[in-house]
2 protein chains.
Amino acid sequence: MPERIYNFSPGPATLPYSVLEEAAKDIVNFKDKGIGLIEMSHRSKEFMAVADEAEALVRELLAVPENYKVLFLQGGASSQFFMVPMNLLGSGKKATYLNTGTWAKKAIKEAKFFGDIDVAYSSEESSFNRVPEEEEYSVDAASEYLYLCSNNTIYGTQFASFPEKGKMLVCDMSSDIFSRPLDISRFGIIFAGAQKNMGPAGVTLVIIREDLLDATPENVPTMLRYKTHADKGSMFNTPPTFAMYCVGRVLNWLKEQGGVAALQKRNEHKAALLYDAIDGSDFYRGHAEKASRSLMNVTFNLPTPELEAQFIAEAAAIGLDGLKGHRSIGGCRASIYNAFPEEGVKKLVDFMAEFAPKNA
Amino acid sequence: MPERIYNFSPGPATLPYSVLEEAAKDIVNFKDKGIGLIEMSHRSKEFMAVADEAEALVRELLAVPENYKVLFLQGGASSQFFMVPMNLLGSGKKATYLNTGTWAKKAIKEAKFFGDIDVAYSSEESSFNRVPEEEEYSVDAASEYLYLCSNNTIYGTQFASFPEKGKMLVCDMSSDIFSRPLDISRFGIIFAGAQKNMGPAGVTLVIIREDLLDATPENVPTMLRYKTHADKGSMFNTPPTFAMYCVGRVLNWLKEQGGVAALQKRNEHKAALLYDAIDGSDFYRGHAEKASRSLMNVTFNLPTPELEAQFIAEAAAIGLDGLKGHRSIGGCRASIYNAFPEEGVKKLVDFMAEFAPKNA
């Protein structure tokens with residue numbers, strides 16, 4: 001292994017090194033077949049096996065019930081912001097959204113093109129530093145679904161548990177899918193861009209309850225109908241083959257690590273190391289309220305923006321890279337998805353402990 | 001280099017081996033920076049340089065005028081089938097389409113969601129074995145654009161030159177972009193999925209004239225507006241970083257080969273070898289009319305489907321892979337894009353010469 005930096009980037013993000021090595025080999029010569037992975041027809045039996053394995057691993061690791069389809073689409077989670085309401089709403093239909101961050105807000109904007117959108121909760125006034133408790137909002141009975149973003153990458157907040165409103169949930173899980181077990185049956189649609197917790201940029205996982213496939217209005221173009229892709233096993237047109245391959249290899253790695261329950265424990269442990277470092281010091285200040293803290297993205301501030309810039313630069317110099325917070329809130333952010341190694345977290349904690357007294 | 005098969009697949013397709021080797025190295029450790037290519041933030045200066053280089057190479061190799069934007073989108077050419085009319089048409093607007101194959105027909109289907117579509121020519125009755133001569137169709141003056149698919153992958157037909165109707169062209173060049181020089185100024189929009197002539201599946205190149213960016217109706221979702229992506233240099237959301245990187249490397253290779261004019265000569269030579277083999281025998285029969293023959297996809301038949309199956313199997317056994325024609329027309333197809341080596345074409349020609357007398 002070459003010397004690797006610790007990459008705290010929020011996405012594209014750190015992937016298991018073994019997956020990178022496998023991909024490097026297969027790109028040049030897939031399973032010694034004399035053809036590169038990215039040169040293979042998506043309809044070849046070799047690639048079909050790759051796609052089938054990726055789907056099977058999604059189903060196994062998340063215990064996806066049989067009445068759900070697993071799709072690999074393009075266009076990022078940002079395309080799901082409009083595809084969800086385009087397929088599930090239409091004139092006169094209503095949906096409820098929780099505004100817990102930039103990505104939820106963007107989803108709300110797109111949903112308004114297609115229906116009557118009720119924003120039942122917003123933490124925008126407090127810089128999205130929290131997600132709501134159950135009793136802080138209600139859901140109109142007429143709503144087709146309740147939409148939420150389970151983990152807010154930019155602000156470092158996360159729903160520790162999912163809403164219990166008896167309403168079908170639609171959830172953007174781009175930054176915490178496969179980080180914990182889920183009860184899929186409570187969701188109508190789950191979607192996630194791959195580039196944070198399951199692979200490279202360029203593929204979006206969609207898990208959709210089968211009965212919703214027939215809800216799409218007539219005037220929706222073929223490529224934008226979930227049913228088009230569900231009916232063709234994500235092969236209606238050429239899928240992003242390399243990205244799908246990588247997702248399969250990452251999920252295979254995840255399975256070897258013990259699956260999502262094992263990863264959840266590991267994620268809790270990694271995050272606790274950082275939050276303890278923050279809470280044990282007056283120098284560092286967490287952005288998120290404690291009950292809303294994310295296990296994936298740890299956001300924090302130092303006493304001044306100047307100290308933050310110095311902290312980020314000094315950290316980068318010792319191989320702790322990508323700690324700059326999102327431009328919309330500044331500060332620092334450590335993104336520590338499934339594949340981010342505990343040693344990197346410990347090195348950051350040590351650096352924080354050294355930096356504070358020197359600059360207090 | 002490992003022993004490589006000759007991969008005649010229509011797409012994903014053969015790529016330059018040097019690009020595969022480069023990608024393999026960068027995936028594990030990008031330019032020795034201790035981070036893998038697919039782990040790098042799309043907003044890192046390293047990846048921004050990758051993206052900038054890819055765009056610059058597109059501009060240089062195709063001599064793209066300054067008043068055109070170069071975009072890297074997702075969703076395949078299939079998504080452009082609806083995005084073009086969604087952005088350029090709208091109630092009461094008209095466009096003219098040429099129906100020269102499966103992909104043109106799919107584009108026509110999607111366009112009808114958004115405007116009044118005039119199909120000015122169709123070769124469907126003769127199994128799409130030709131593209132029209134200039135005098136075979138006319139374009140309504142009220143049409144916003146004339147749409148064509150420059151190369152019909154499935155049928156092996158290609159426009160040797162572009163329509164001279166004085167109407168802005170919109171063209172699907174998925175299977176022949178970068179195979180010949182173009183006068184971009186005659187086009188409003190050119191689009192191409194990468195997986196045939198410029199890279200892996202998962203990115204779509206769009207070249208669009210700037211003034212068209214403002215034509216989009218108000219009710220189009222943000223991600224489906226060309227302007228969204230043009231304004232943000234294809235970084236409105238996370239782009240498919242790996243696919244963009246590969247396109248850049250393939251275009252760099254293309255430049256080293258002498259550019260598109262040099263490739264055109266090479267493509268003409270490769271195709272002539274195969275068409276000569278077809279025309280010099282009563283055993284093989286070309287699908288496309290001679291004036292419409294594609295330099296990218298050479299389609300042909302043998303006397304019977306049984307002989308075709310035998311031919312394809314025996315060819316595969318000696319490393320000539322992917323010669324099966326598309327399921328919609330059967331027969332054989334040799335896809336010989338830019339990166340397909342001449343030696344592979346010669347080997348196929350030799351095999352054809354051996355196979356015919358043995359099985360006549």
# chains A, B, ... in the order shown; residues from 1 in each chain; ligands from 1

$ residues_around --residues "B:Leu57" --least-positions-apart "3" --cutoff "9 Å" --atoms "only C-alpha atoms" --output "PyMOL selection string"
chain B and resi 52-54+60-62+248+251-252+255

$ write_last_selection --atoms "N, CA, C and O atoms" --output "mmCIF file, in the first residue's frame"
data_model
loop_
_atom_site.group_PDB
_atom_site.id
_atom_site.type_symbol
_atom_site.label_atom_id
_atom_site.label_comp_id
_atom_site.auth_asym_id
_atom_site.auth_seq_id
_atom_site.Cartn_x
_atom_site.Cartn_y
_atom_site.Cartn_z
ATOM 1 N N ASP B 52 -11.168 20.404 -15.987
ATOM 2 C CA ASP B 52 -10.784 21.482 -16.909
ATOM 3 C C ASP B 52 -10.055 20.928 -18.127
ATOM 4 O O ASP B 52 -10.269 21.371 -19.254
ATOM 5 N N GLU B 53 -9.195 19.951 -17.895
ATOM 6 C CA GLU B 53 -8.440 19.382 -19.004
ATOM 7 C C GLU B 53 -9.380 18.645 -19.973
ATOM 8 O O GLU B 53 -9.236 18.754 -21.194
ATOM 9 N N ALA B 54 -10.336 17.914 -19.417
ATOM 10 C CA ALA B 54 -11.282 17.193 -20.284
ATOM 11 C C ALA B 54 -12.043 18.181 -21.165
ATOM 12 O O ALA B 54 -12.182 17.991 -22.376
ATOM 13 N N GLU B 60 -10.580 21.731 -28.001
ATOM 14 C CA GLU B 60 -9.469 21.746 -28.948
ATOM 15 C C GLU B 60 -9.694 20.750 -30.081
ATOM 16 O O GLU B 60 -9.588 21.093 -31.264
ATOM 17 N N LEU B 61 -10.054 19.530 -29.731
ATOM 18 C CA LEU B 61 -10.149 18.473 -30.749
ATOM 19 C C LEU B 61 -11.310 18.699 -31.708
ATOM 20 O O LEU B 61 -11.238 18.332 -32.877
ATOM 21 N N LEU B 62 -12.397 19.296 -31.217
ATOM 22 C CA LEU B 62 -13.551 19.534 -32.088
ATOM 23 C C LEU B 62 -13.650 20.995 -32.528
ATOM 24 O O LEU B 62 -14.625 21.374 -33.183
ATOM 25 N N GLY B 248 -11.185 12.439 -20.412
ATOM 26 C CA GLY B 248 -9.997 13.279 -20.576
ATOM 27 C C GLY B 248 -8.789 12.476 -21.043
ATOM 28 O O GLY B 248 -8.052 12.896 -21.942
ATOM 29 N N LEU B 251 -9.258 11.401 -24.672
ATOM 30 C CA LEU B 251 -9.064 12.527 -25.593
ATOM 31 C C LEU B 251 -7.592 12.922 -25.674
ATOM 32 O O LEU B 251 -7.104 13.337 -26.728
ATOM 33 N N ASN B 252 -6.900 12.778 -24.564
ATOM 34 C CA ASN B 252 -5.464 13.022 -24.590
ATOM 35 C C ASN B 252 -4.780 12.023 -25.532
ATOM 36 O O ASN B 252 -3.921 12.387 -26.348
ATOM 37 N N LYS B 255 -5.497 12.994 -29.083
ATOM 38 C CA LYS B 255 -4.637 14.100 -29.514
ATOM 39 C C LYS B 255 -3.251 13.574 -29.910
ATOM 40 O O LYS B 255 -2.684 13.978 -30.925
#

$ interface_residues --of "chain B" --to "chain A" --cutoff "7 Å" --atoms "only C-alpha atoms" --output "PyMOL selection string"
chain B and resi 2-5+9+11-15+20-21+24-25+27-28+34-35+38-42+74-75+78-79+82+110+113+200-202+219+221+223+237-241

$ select_by_dssp --residues "stretch 229-355 of chain A" --states "strand (DSSP E or B)" --output "list in words"
Arg285, Gly286, Arg293, Asn297, Val298, Thr299, Phe300, Asn301, Leu320, Asp321, Lys324, Cys332, Arg333, Ala334 and Ser335 of chain A

$ atom_distance --atom1 "atom CA of B:Ala356" --atom2 "atom CA of B:Glu308"
11.0 Å

$ atom_distance --atom1 "atom CA of B:Arg293" --atom2 "atom CA of B:Pro341"
19.6 Å

$ closest_residue --among "A:Val70, A:Ile312, A:Met48, A:Ala317" --to "A:His229" --atoms "only C-alpha atoms"
A:Val70

$ select_by_dssp --residues "stretch 198-311 of chain B" --states "helix (DSSP H, G or I)" --output "VMD selection string"
chain B and resid 210 to 214 222 to 224 226 to 231 241 to 256 259 to 279 290 to 292 305 to 311

$ residues_around --residues "A:Ile207" --least-positions-apart "3" --cutoff "9 Å" --atoms "only C-alpha atoms" --output "ChimeraX atom specification"
/A:64,68-72,184,187-191

$ atom_distance --atom1 "atom CA of A:Cys332" --atom2 "atom CA of A:Pro303"
11.6 Å

$ closest_residue --among "A:Trp103, A:Tyr137, A:Phe30, A:Tyr145" --to "A:Pro85" --atoms "only C-alpha atoms"
A:Tyr145

$ residues_around --residues "B:Ser138" --least-positions-apart "5" --cutoff "10 Å" --atoms "only C-alpha atoms" --output "number ranges by chain"
B: 96, 119-121, 146, 165

$ closest_residue --among "A:Glu144, A:Glu210, A:Glu354, A:Asp176" --to "A:Gly156" --atoms "only C-alpha atoms"
A:Asp176

$ closest_residue --among "B:Ala215, B:Leu307, B:Val50, B:Met198" --to "B:Ser179" --atoms "only C-alpha atoms"
B:Met198
